[in-house]
$ cat entry-v7.cif   # mmCIF, C-alpha atoms
data_upload
#
loop_
_atom_site.group_PDB
_atom_site.id
_atom_site.type_symbol
_atom_site.label_atom_id
_atom_site.label_comp_id
_atom_site.auth_asym_id
_atom_site.auth_seq_id
_atom_site.Cartn_x
_atom_site.Cartn_y
_atom_site.Cartn_z
ATOM 1 C CA PRO N 1 12.065 0.345 14.730
ATOM 2 C CA TYR N 2 9.472 1.586 17.253
ATOM 3 C CA GLY N 3 9.341 -1.799 18.953
ATOM 4 C CA LEU N 4 8.375 -3.977 15.960
ATOM 5 C CA THR N 5 10.272 -5.907 13.309
ATOM 6 C CA TYR N 6 9.870 -4.881 9.676
ATOM 7 C CA GLY N 7 7.727 -7.994 9.173
ATOM 8 C CA GLU N 8 5.451 -6.967 12.031
ATOM 9 C CA TRP N 9 5.196 -3.464 10.593
ATOM 10 C CA SER N 10 4.202 -5.024 7.262
ATOM 11 C CA VAL N 11 1.314 -6.761 9.044
ATOM 12 C CA SER N 12 0.265 -3.433 10.564
ATOM 13 C CA TRP N 13 0.401 -1.914 7.077
ATOM 14 C CA TRP N 14 -1.948 -4.578 5.678
ATOM 15 C CA GLN N 15 -4.325 -4.186 8.626
ATOM 16 C CA TRP N 16 -4.410 -0.448 7.930
ATOM 17 C CA ALA N 17 -4.921 -0.919 4.177
ATOM 18 C CA TYR N 18 -7.677 -3.517 4.536
ATOM 19 C CA GLY N 19 -9.272 -1.906 7.609
ATOM 20 C CA LEU N 20 -10.538 1.168 5.721
ATOM 21 C CA PRO N 21 -13.669 1.396 3.538
ATOM 22 C CA VAL N 22 -13.229 2.205 -0.137
ATOM 23 C CA PRO N 23 -14.789 5.719 0.028
ATOM 24 C CA GLY N 24 -11.957 8.015 1.100
ATOM 25 C CA HIS N 25 -9.396 5.203 0.973
ATOM 26 C CA PRO N 26 -5.843 6.586 0.511
ATOM 27 C CA LEU N 27 -4.840 3.814 -1.905
ATOM 28 C CA PHE N 28 -7.704 4.642 -4.287
ATOM 29 C CA ASP N 29 -6.910 8.359 -4.078
ATOM 30 C CA GLU N 30 -4.389 9.532 -6.690
ATOM 31 C CA THR N 31 -3.949 13.053 -5.261
ATOM 32 C CA GLY N 32 -2.731 12.353 -1.716
ATOM 33 C CA ALA N 33 -5.587 14.338 -0.175
ATOM 34 C CA ASP N 34 -6.766 11.240 1.742
ATOM 35 C CA CYS N 35 -3.343 10.168 3.028
ATOM 36 C CA ALA N 36 -4.298 10.905 6.679
ATOM 37 C CA ALA N 37 -7.109 8.320 6.661
ATOM 38 C CA GLY N 38 -6.681 5.737 9.408
ATOM 39 C CA GLN N 39 -3.280 7.060 10.521
ATOM 40 C CA SER N 40 -2.228 7.023 14.167
ATOM 41 C CA GLY N 41 0.836 6.574 16.353
ATOM 42 C CA GLN N 42 4.481 7.251 15.608
ATOM 43 C CA VAL N 43 4.478 5.763 12.113
ATOM 44 C CA TRP N 44 2.477 6.866 9.067
ATOM 45 C CA PHE N 45 1.781 4.539 6.165
ATOM 46 C CA LEU N 46 2.067 5.323 2.465
ATOM 47 C CA GLY N 47 1.379 2.906 -0.360
ATOM 48 C CA GLY N 48 0.619 2.054 -3.951
ATOM 49 C CA VAL N 49 -2.585 2.666 -5.876
ATOM 50 C CA PHE N 50 -5.603 0.699 -7.041
ATOM 51 C CA ASN N 51 -6.106 1.932 -10.604
ATOM 52 C CA VAL N 52 -5.642 0.818 -14.192
ATOM 53 C CA SER N 53 -2.187 2.275 -14.774
ATOM 54 C CA GLY N 54 -0.461 1.251 -11.530
ATOM 55 C CA SER N 55 0.880 4.794 -11.206
ATOM 56 C CA ALA N 56 0.028 7.921 -9.234
ATOM 57 C CA THR N 57 1.604 11.260 -8.391
ATOM 58 C CA ARG N 58 0.300 12.497 -5.044
ATOM 59 C CA ASP N 59 0.818 16.197 -4.414
ATOM 60 C CA LEU N 60 -1.609 16.796 -1.533
ATOM 61 C CA CYS N 61 -0.308 14.500 1.213
ATOM 62 C CA VAL N 62 0.488 16.252 4.518
ATOM 63 C CA VAL N 63 2.341 14.344 7.254
ATOM 64 C CA PRO N 64 2.760 15.682 10.810
ATOM 65 C CA SER N 65 6.326 16.369 11.900
ATOM 66 C CA GLY N 66 7.977 13.712 14.018
ATOM 67 C CA LYS N 67 6.287 10.788 12.212
ATOM 68 C CA ALA N 68 8.302 7.965 10.690
ATOM 69 C CA ILE N 69 7.071 6.822 7.273
ATOM 70 C CA PHE N 70 6.593 3.171 6.313
ATOM 71 C CA PHE N 71 5.633 1.966 2.841
ATOM 72 C CA PRO N 72 5.981 -0.972 0.451
ATOM 73 C CA VAL N 73 7.927 -0.589 -2.764
ATOM 74 C CA ILE N 74 5.907 -3.602 -3.889
ATOM 75 C CA ASN N 75 4.210 -6.254 -1.784
ATOM 76 C CA VAL N 76 1.747 -9.107 -1.693
ATOM 77 C CA GLU N 77 -0.371 -11.082 0.709
ATOM 78 C CA TRP N 78 -2.115 -14.363 0.024
ATOM 79 C CA ASP N 79 -5.337 -15.580 1.611
ATOM 80 C CA ASN N 80 -8.361 -17.817 1.142
ATOM 81 C CA ILE N 81 -10.799 -14.899 1.195
ATOM 82 C CA CYS N 82 -10.804 -13.148 -2.164
ATOM 83 C CA PRO N 83 -11.078 -15.150 -4.331
ATOM 84 C CA PRO N 84 -12.155 -18.002 -2.004
ATOM 85 C CA GLY N 85 -9.633 -20.808 -1.569
ATOM 86 C CA SER N 86 -8.647 -23.667 0.705
ATOM 87 C CA TYR N 87 -4.863 -23.343 0.899
ATOM 88 C CA THR N 88 -2.907 -24.307 4.000
ATOM 89 C CA VAL N 89 -0.733 -21.736 5.762
ATOM 90 C CA ASP N 90 2.383 -23.194 4.155
ATOM 91 C CA GLU N 91 0.761 -23.075 0.723
ATOM 92 C CA LEU N 92 -0.292 -19.457 1.259
ATOM 93 C CA ARG N 93 3.259 -18.596 2.301
ATOM 94 C CA GLY N 94 4.635 -20.312 -0.796
ATOM 95 C CA LEU N 95 2.214 -18.522 -3.117
ATOM 96 C CA ALA N 96 3.112 -15.138 -1.648
ATOM 97 C CA ALA N 97 6.823 -15.920 -1.963
ATOM 98 C CA SER N 98 6.536 -17.146 -5.550
ATOM 99 C CA PHE N 99 4.746 -13.931 -6.484
ATOM 100 C CA MET N 100 7.448 -11.753 -4.907
ATOM 101 C CA ASP N 101 10.139 -13.856 -6.588
ATOM 102 C CA LEU N 102 8.941 -12.359 -9.900
ATOM 103 C CA THR N 103 9.821 -8.787 -8.938
ATOM 104 C CA THR N 104 12.309 -6.806 -11.036
ATOM 105 C CA ASP N 105 13.232 -3.174 -11.754
ATOM 106 C CA LEU N 106 13.086 -2.113 -8.107
ATOM 107 C CA SER N 107 13.952 1.439 -7.134
ATOM 108 C CA CYS N 108 13.311 3.935 -4.363
ATOM 109 C CA GLU N 109 14.462 7.549 -4.026
ATOM 110 C CA VAL N 110 13.933 9.994 -1.177
ATOM 111 C CA ASP N 111 14.532 13.651 -2.081
ATOM 112 C CA GLY N 112 16.558 12.519 -5.073
ATOM 113 C CA LEU N 113 18.794 10.133 -3.117
ATOM 114 C CA ALA N 114 18.581 6.512 -4.249
ATOM 115 C CA VAL N 115 18.201 3.711 -1.724
ATOM 116 C CA GLN N 116 20.839 1.090 -2.468
ATOM 117 C CA ASP N 117 20.081 -2.625 -2.878
ATOM 118 C CA VAL N 118 16.307 -2.187 -2.642
ATOM 119 C CA GLY N 119 15.704 -5.923 -2.947
ATOM 120 C CA SER N 120 17.443 -6.536 0.384
ATOM 121 C CA TYR N 121 14.487 -4.865 2.161
ATOM 122 C CA ARG N 122 12.233 -7.863 1.556
ATOM 123 C CA PHE N 123 10.407 -9.104 4.641
ATOM 124 C CA THR N 124 7.823 -11.719 5.587
ATOM 125 C CA ALA N 125 5.779 -12.332 8.727
ATOM 126 C CA ASP N 126 3.632 -14.899 10.504
ATOM 127 C CA PRO N 127 -0.043 -15.409 9.573
ATOM 128 C CA PHE N 128 -2.284 -12.530 10.581
ATOM 129 C CA ALA N 129 -5.931 -11.494 10.507
ATOM 130 C CA VAL N 130 -7.695 -8.280 9.509
ATOM 131 C CA MET N 131 -10.948 -6.595 10.446
ATOM 132 C CA LEU N 132 -12.800 -5.664 7.257
ATOM 133 C CA PRO N 133 -15.339 -2.819 7.469
ATOM 134 C CA GLU N 134 -18.554 -2.510 5.507
ATOM 135 C CA GLY N 135 -17.688 -1.199 2.046
ATOM 136 C CA ASN N 136 -14.325 -2.979 2.188
ATOM 137 C CA ILE N 137 -11.833 -3.533 -0.613
ATOM 138 C CA PHE N 138 -12.850 -7.158 -1.151
ATOM 139 C CA GLN N 139 -16.462 -6.113 -1.692
ATOM 140 C CA PHE N 140 -15.228 -3.622 -4.288
ATOM 141 C CA PHE N 141 -13.327 -6.426 -6.030
ATOM 142 C CA GLY N 142 -16.564 -8.397 -6.342
ATOM 143 C CA CYS N 143 -16.005 -11.047 -3.664
ATOM 144 C CA GLY N 144 -18.995 -9.912 -1.586
ATOM 145 C CA THR N 145 -17.026 -10.297 1.652
ATOM 146 C CA PRO N 146 -19.140 -8.968 4.541
ATOM 147 C CA ALA N 147 -17.651 -6.918 7.366
ATOM 148 C CA GLY N 148 -15.841 -9.077 9.951
ATOM 149 C CA THR N 149 -12.499 -10.540 10.986
ATOM 150 C CA TYR N 150 -10.673 -12.754 8.502
ATOM 151 C CA GLY N 151 -7.487 -14.814 8.379
ATOM 152 C CA PRO N 152 -5.038 -16.329 7.933
ATOM 153 C CA MET N 153 -3.194 -14.003 5.582
ATOM 154 C CA LEU N 154 0.469 -14.427 4.648
ATOM 155 C CA PRO N 155 2.491 -11.333 3.679
ATOM 156 C CA ASP N 156 5.653 -10.865 1.652
ATOM 157 C CA GLY N 157 7.079 -7.627 0.320
ATOM 158 C CA ILE N 158 9.758 -4.984 0.045
ATOM 159 C CA PHE N 159 9.257 -2.284 2.673
ATOM 160 C CA MET N 160 11.001 0.942 3.651
ATOM 161 C CA MET N 161 10.951 2.681 7.031
ATOM 162 C CA LEU N 162 12.044 6.328 6.908
ATOM 163 C CA ALA N 163 13.059 8.226 10.018
ATOM 164 C CA PRO N 164 10.978 11.389 10.559
ATOM 165 C CA LEU N 165 11.705 13.911 7.813
ATOM 166 C CA PRO N 166 12.363 17.618 8.449
ATOM 167 C CA THR N 167 9.435 20.000 8.073
ATOM 168 C CA GLY N 168 8.820 21.212 4.544
ATOM 169 C CA PRO N 169 8.399 19.602 1.098
ATOM 170 C CA HIS N 170 9.790 16.167 0.252
ATOM 171 C CA THR N 171 9.642 13.768 -2.683
ATOM 172 C CA ILE N 172 9.387 9.992 -2.306
ATOM 173 C CA HIS N 173 9.430 7.902 -5.472
ATOM 174 C CA PHE N 174 9.309 4.121 -5.701
ATOM 175 C CA LYS N 175 8.851 1.603 -8.456
ATOM 176 C CA GLY N 176 8.708 -2.161 -8.929
ATOM 177 C CA THR N 177 7.630 -4.626 -11.589
ATOM 178 C CA ILE N 178 6.063 -8.042 -11.182
ATOM 179 C CA GLY N 179 7.275 -9.967 -14.197
ATOM 180 C CA PRO N 180 5.692 -12.700 -16.345
ATOM 181 C CA PRO N 181 3.037 -14.004 -16.296
ATOM 182 C CA VAL N 182 1.634 -10.922 -14.514
ATOM 183 C CA ASN N 183 3.675 -8.116 -16.136
ATOM 184 C CA PHE N 184 2.496 -5.325 -13.853
ATOM 185 C CA THR N 185 4.480 -2.218 -12.860
ATOM 186 C CA LEU N 186 3.740 -0.044 -9.838
ATOM 187 C CA GLU N 187 5.248 3.460 -9.864
ATOM 188 C CA ILE N 188 4.335 6.025 -7.197
ATOM 189 C CA THR N 189 5.546 9.553 -6.492
ATOM 190 C CA TYR N 190 4.663 11.472 -3.346
ATOM 191 C CA HIS N 191 5.314 15.221 -3.276
ATOM 192 C CA LEU N 192 4.406 15.422 0.387
ATOM 193 C CA THR N 193 4.649 18.167 2.971
ATOM 194 C CA VAL N 194 5.809 17.575 6.534
ATOM 195 C CA ALA N 195 3.888 20.095 8.627
ATOM 196 C CA PRO N 196 5.157 21.646 11.872
ATOM 197 C CA ALA N 197 3.494 20.332 15.049
ATOM 198 C CA GLY N 198 0.034 21.812 15.472
ATOM 199 C CA ARG N 199 -0.057 23.176 11.907
ATOM 200 C CA MET N 200 -1.612 20.406 9.802
ATOM 201 C CA ALA N 201 -2.633 22.746 7.004
ATOM 202 C CA ILE N 202 -4.283 21.402 3.887
ATOM 203 C CA VAL N 203 -2.030 21.606 0.826
ATOM 204 C CA ASP N 204 -4.104 22.454 -2.254
ATOM 205 C CA ASN N 205 -2.263 22.985 -5.524
ATOM 206 C CA TYR N 206 -5.394 22.983 -7.627
ATOM 207 C CA GLY N 207 -7.857 25.320 -5.896
ATOM 208 C CA PRO N 208 -11.498 24.560 -5.026
ATOM 209 C CA PRO N 209 -13.528 22.221 -7.262
ATOM 210 C CA PRO N 210 -15.826 23.899 -9.781
ATOM 211 C CA GLU N 211 -19.280 24.758 -8.471
ATOM 212 C CA GLY N 212 -21.688 21.889 -8.955
ATOM 213 C CA SER N 213 -18.945 19.330 -9.598
ATOM 214 C CA VAL N 214 -19.470 15.717 -8.559
ATOM 215 C CA PRO N 215 -16.835 13.872 -6.457
ATOM 216 C CA LEU N 216 -15.094 11.163 -8.426
ATOM 217 C CA ALA N 217 -15.767 7.523 -7.535
ATOM 218 C CA PRO N 218 -12.912 4.990 -7.457
ATOM 219 C CA ALA N 219 -11.967 3.747 -10.915
ATOM 220 C CA SER N 220 -13.093 0.331 -12.103
ATOM 221 C CA PRO N 221 -10.413 -2.160 -10.981
ATOM 222 C CA LYS N 222 -9.283 -3.375 -14.408
ATOM 223 C CA THR N 223 -5.864 -3.798 -12.835
ATOM 224 C CA SER N 224 -5.998 -4.364 -9.105
ATOM 225 C CA TRP N 225 -4.537 -6.575 -6.451
ATOM 226 C CA GLY N 226 -7.610 -8.801 -6.478
ATOM 227 C CA HIS N 227 -7.451 -9.079 -10.256
ATOM 228 C CA LEU N 228 -3.732 -9.862 -10.230
ATOM 229 C CA LYS N 229 -4.291 -12.648 -7.701
ATOM 230 C CA THR N 230 -6.953 -14.156 -9.949
ATOM 231 C CA ILE N 231 -4.629 -13.999 -12.981
ATOM 232 C CA TYR N 232 -1.759 -15.543 -11.087
ATOM 233 C CA ARG N 233 -3.862 -18.425 -9.767
#
$ encode --input "entry-v7.cif" --output "structure tokens"
Amino acid sequence: PYGLTYGEWSVSWWQWAYGLPVPGHPLFDETGADCAAGQSGQVWFLGGVFNVSGSATRDLCVVPSGKAIFFPVINVEWDNICPPGSYTVDELRGLAASFMDLTTDLSCEVDGLAVQDVGSYRFTADPFAVMLPEGNIFQFFGCGTPAGTYGPMLPDGIFMMLAPLPTGPHTIHFKGTIGPPVNFTLEITYHLTVAPAGRMAIVDNYGPPPEGSVPLAPASPKTSWGHLKTIYR
């Protein structure tokens, strides 16, 4: 779709996810208010969440009309960056694959309609690199990785590409479990709004924050991708 294979789109997804600083990052945000961060082109990215529970319900995400939507039900990449390692490309590929081989309980629904045979949407890609900004995810995970370009990374995951949805409200729900020895479940619900062209209004179901309130910082990563990689190794 849109000139790339699913595997190539998965690389673009990782470059988007790792290319944003933690403040305002859409995968740390549990409300959906930050879902426009870093988005461009014909395809918008959605994703999981970095928090303790592995779950989020995002009610505030607004997507422009005419945009396809691409997201992982559950995914992984392996690298030598965080935590530091010395694996070959083939070893990185094998580690990513062995992690994805543990997945169970996969599901995905769009507006109440279930996607069939979710596991058949598993894709890999060639090694890739990312440009990490200052305040990047790896710094948040305690690796102290300075801003710069890093690789190789090897991806593996289950990804969905949705054709542009009609304007109005939509619900996207996806879930997947990584079994023993990790035993981690990711479950995400988006109650998103597709806005007519030129009318990217902010959806606010909760009203303004109380006067004098302090913005919330990202939660401590007791369960996070970096932590899961450390456990698995």
$ closest_residue --input "entry-v7.cif" --among "N:Gly144, N:Pro152, N:Gly112, N:Pro21" --to "His173 of chain N" --atoms "all atoms listed in the file"
N:Gly112
$ closest_residue --input "entry-v7.cif" --among "N:Ser10, N:Asn75, N:Ser65, N:Thr31" --to "Ala163 of chain N" --atoms "only C-alpha atoms"
N:Ser65
$ atom_distance --input "entry-v7.cif" --atom1 "atom CA of Ala96 of chain N" --atom2 "atom CA of Asp79 of chain N"
9.1 Å
$ closest_residue --input "entry-v7.cif" --among "N:Val43, N:His25, N:Gly135, N:Ala37" --to "Gly3 of chain N" --atoms "all atoms listed in the file"
N:Val43
$ atom_distance --input "entry-v7.cif" --atom1 "atom CA of Glu187 of chain N" --atom2 "atom CA of Pro1 of chain N"
25.7 Å
$ residues_around --input "entry-v7.cif" --residues "Ala114 of chain N" --least-positions-apart "6" --cutoff "10 Å" --atoms "only C-alpha atoms" --output "list in words"
Ser107, Cys108, His173 and Phe174 of chain N
$ residues_around --input "entry-v7.cif" --residues "Pro127 of chain N" --least-positions-apart "6" --cutoff "12 Å" --atoms "all atoms listed in the file" --output "list in words"
Gly7, Glu8, Ser10, Val11, Trp14, Glu77, Trp78, Asp79, Thr88, Val89, Asp90, Glu91, Leu92, Arg93, Ala96, Tyr150, Gly151, Pro152, Met153, Leu154, Pro155 and Asp156 of chain N
$ write_last_selection --input "entry-v7.cif" --atoms "C-alpha atoms" --output "CSV table (one decimal), in the coordinates of the input"
chain,number,residue,atom,x,y,z
N,7,GLY,CA,7.7,-8.0,9.2
N,8,GLU,CA,5.5,-7.0,12.0
N,10,SER,CA,4.2,-5.0,7.3
N,11,VAL,CA,1.3,-6.8,9.0
N,14,TRP,CA,-1.9,-4.6,5.7
N,77,GLU,CA,-0.4,-11.1,0.7
N,78,TRP,CA,-2.1,-14.4,0.0
N,79,ASP,CA,-5.3,-15.6,1.6
N,88,THR,CA,-2.9,-24.3,4.0
N,89,VAL,CA,-0.7,-21.7,5.8
N,90,ASP,CA,2.4,-23.2,4.2
N,91,GLU,CA,0.8,-23.1,0.7
N,92,LEU,CA,-0.3,-19.5,1.3
N,93,ARG,CA,3.3,-18.6,2.3
N,96,ALA,CA,3.1,-15.1,-1.6
N,150,TYR,CA,-10.7,-12.8,8.5
N,151,GLY,CA,-7.5,-14.8,8.4
N,152,PRO,CA,-5.0,-16.3,7.9
N,153,MET,CA,-3.2,-14.0,5.6
N,154,LEU,CA,0.5,-14.4,4.6
N,155,PRO,CA,2.5,-11.3,3.7
N,156,ASP,CA,5.7,-10.9,1.7
$ resolve_selection --input "entry-v7.cif" --expression "the PyMOL selection byres ((chain N and resi 193) around 10)" --output "PyMOL selection string"
chain N and resi 59-65+165-171+190-192+194-196+200-203
$ residues_around --input "entry-v7.cif" --residues "Leu132 of chain N" --least-positions-apart "2" --cutoff "7 Å" --atoms "all atoms listed in the file" --output "MDAnalysis selection string"
chainID N and resid 18:19 130 134 136 147:149
$ closest_residue --input "entry-v7.cif" --among "N:Ile74, N:Leu106, N:Leu27, N:Cys143" --to "Ala56 of chain N" --atoms "all atoms listed in the file"
N:Leu27
$ residues_near_point --input "entry-v7.cif" --point "(3.2, 4.5, 11.5)" --cutoff "8 Å" --atoms "all atoms listed in the file" --output "MDAnalysis selection string"
chainID N and resid 39:45 67:70
$ decode --input "entry-v7.cif" --residues "segment 174-196 of chain N" --atoms "N, CA and C atoms" --output "PDB file, in the first residue's frame"
ATOM      1  N   PHE N 174      -7.243  -3.426  19.763  1.00  0.00           N
ATOM      2  CA  PHE N 174      -6.337  -4.545  19.454  1.00  0.00           C
ATOM      3  C   PHE N 174      -5.666  -5.037  20.725  1.00  0.00           C
ATOM      4  N   LYS N 175      -5.310  -6.321  20.670  1.00  0.00           N
ATOM      5  CA  LYS N 175      -4.782  -6.979  21.861  1.00  0.00           C
ATOM      6  C   LYS N 175      -3.844  -8.098  21.445  1.00  0.00           C
ATOM      7  N   GLY N 176      -2.791  -8.303  22.234  1.00  0.00           N
ATOM      8  CA  GLY N 176      -1.882  -9.422  22.022  1.00  0.00           C
ATOM      9  C   GLY N 176      -1.097  -9.709  23.287  1.00  0.00           C
ATOM     10  N   THR N 177      -0.750 -10.955  23.473  1.00  0.00           N
ATOM     11  CA  THR N 177       0.013 -11.375  24.651  1.00  0.00           C
ATOM     12  C   THR N 177       1.328 -11.990  24.219  1.00  0.00           C
ATOM     13  N   ILE N 178       2.385 -11.625  24.908  1.00  0.00           N
ATOM     14  CA  ILE N 178       3.679 -12.290  24.763  1.00  0.00           C
ATOM     15  C   ILE N 178       3.787 -13.256  25.923  1.00  0.00           C
ATOM     16  N   GLY N 179       3.834 -14.538  25.615  1.00  0.00           N
ATOM     17  CA  GLY N 179       3.745 -15.566  26.641  1.00  0.00           C
ATOM     18  C   GLY N 179       5.009 -15.753  27.447  1.00  0.00           C
ATOM     19  N   PRO N 180       5.109 -16.868  28.208  1.00  0.00           N
ATOM     20  CA  PRO N 180       6.265 -17.135  29.044  1.00  0.00           C
ATOM     21  C   PRO N 180       7.556 -17.151  28.232  1.00  0.00           C
ATOM     22  N   PRO N 181       8.663 -16.618  28.780  1.00  0.00           N
ATOM     23  CA  PRO N 181       8.825 -16.176  30.175  1.00  0.00           C
ATOM     24  C   PRO N 181       8.451 -14.715  30.420  1.00  0.00           C
ATOM     25  N   VAL N 182       7.942 -14.006  29.407  1.00  0.00           N
ATOM     26  CA  VAL N 182       7.667 -12.581  29.563  1.00  0.00           C
ATOM     27  C   VAL N 182       6.309 -12.342  30.214  1.00  0.00           C
ATOM     28  N   ASN N 183       5.260 -12.984  29.671  1.00  0.00           N
ATOM     29  CA  ASN N 183       3.906 -12.874  30.227  1.00  0.00           C
ATOM     30  C   ASN N 183       3.442 -11.418  30.289  1.00  0.00           C
ATOM     31  N   PHE N 184       3.384 -10.795  29.135  1.00  0.00           N
ATOM     32  CA  PHE N 184       2.967  -9.394  29.046  1.00  0.00           C
ATOM     33  C   PHE N 184       1.845  -9.275  28.022  1.00  0.00           C
ATOM     34  N   THR N 185       0.771  -8.559  28.380  1.00  0.00           N
ATOM     35  CA  THR N 185      -0.357  -8.349  27.486  1.00  0.00           C
ATOM     36  C   THR N 185      -0.496  -6.870  27.157  1.00  0.00           C
ATOM     37  N   LEU N 186      -0.628  -6.580  25.875  1.00  0.00           N
ATOM     38  CA  LEU N 186      -0.888  -5.225  25.396  1.00  0.00           C
ATOM     39  C   LEU N 186      -2.337  -5.176  24.916  1.00  0.00           C
ATOM     40  N   GLU N 187      -3.110  -4.207  25.411  1.00  0.00           N
ATOM     41  CA  GLU N 187      -4.496  -4.054  24.988  1.00  0.00           C
ATOM     42  C   GLU N 187      -4.810  -2.571  24.853  1.00  0.00           C
ATOM     43  N   ILE N 188      -5.147  -2.149  23.640  1.00  0.00           N
ATOM     44  CA  ILE N 188      -5.318  -0.726  23.324  1.00  0.00           C
ATOM     45  C   ILE N 188      -6.676  -0.508  22.659  1.00  0.00           C
ATOM     46  N   THR N 189      -7.358   0.545  23.072  1.00  0.00           N
ATOM     47  CA  THR N 189      -8.594   0.966  22.425  1.00  0.00           C
ATOM     48  C   THR N 189      -8.473   2.434  22.023  1.00  0.00           C
ATOM     49  N   TYR N 190      -8.722   2.707  20.763  1.00  0.00           N
ATOM     50  CA  TYR N 190      -8.813   4.079  20.274  1.00  0.00           C
ATOM     51  C   TYR N 190     -10.276   4.390  19.973  1.00  0.00           C
ATOM     52  N   HIS N 191     -10.833   5.403  20.625  1.00  0.00           N
ATOM     53  CA  HIS N 191     -12.095   6.007  20.218  1.00  0.00           C
ATOM     54  C   HIS N 191     -11.714   7.290  19.475  1.00  0.00           C
ATOM     55  N   LEU N 192     -11.382   7.142  18.212  1.00  0.00           N
ATOM     56  CA  LEU N 192     -10.834   8.289  17.482  1.00  0.00           C
ATOM     57  C   LEU N 192     -11.905   8.951  16.625  1.00  0.00           C
ATOM     58  N   THR N 193     -11.603  10.167  16.218  1.00  0.00           N
ATOM     59  CA  THR N 193     -12.483  10.933  15.347  1.00  0.00           C
ATOM     60  C   THR N 193     -11.754  11.245  14.055  1.00  0.00           C
ATOM     61  N   VAL N 194     -12.355  10.913  12.929  1.00  0.00           N
ATOM     62  CA  VAL N 194     -11.822  11.319  11.632  1.00  0.00           C
ATOM     63  C   VAL N 194     -12.481  12.651  11.277  1.00  0.00           C
ATOM     64  N   ALA N 195     -11.661  13.685  11.162  1.00  0.00           N
ATOM     65  CA  ALA N 195     -12.168  15.040  10.952  1.00  0.00           C
ATOM     66  C   ALA N 195     -12.231  15.366   9.469  1.00  0.00           C
ATOM     67  N   PRO N 196     -13.263  16.104   9.033  1.00  0.00           N
ATOM     68  CA  PRO N 196     -13.317  16.550   7.643  1.00  0.00           C
ATOM     69  C   PRO N 196     -12.097  17.391   7.293  1.00  0.00           C
TER      70      PRO N 196
END
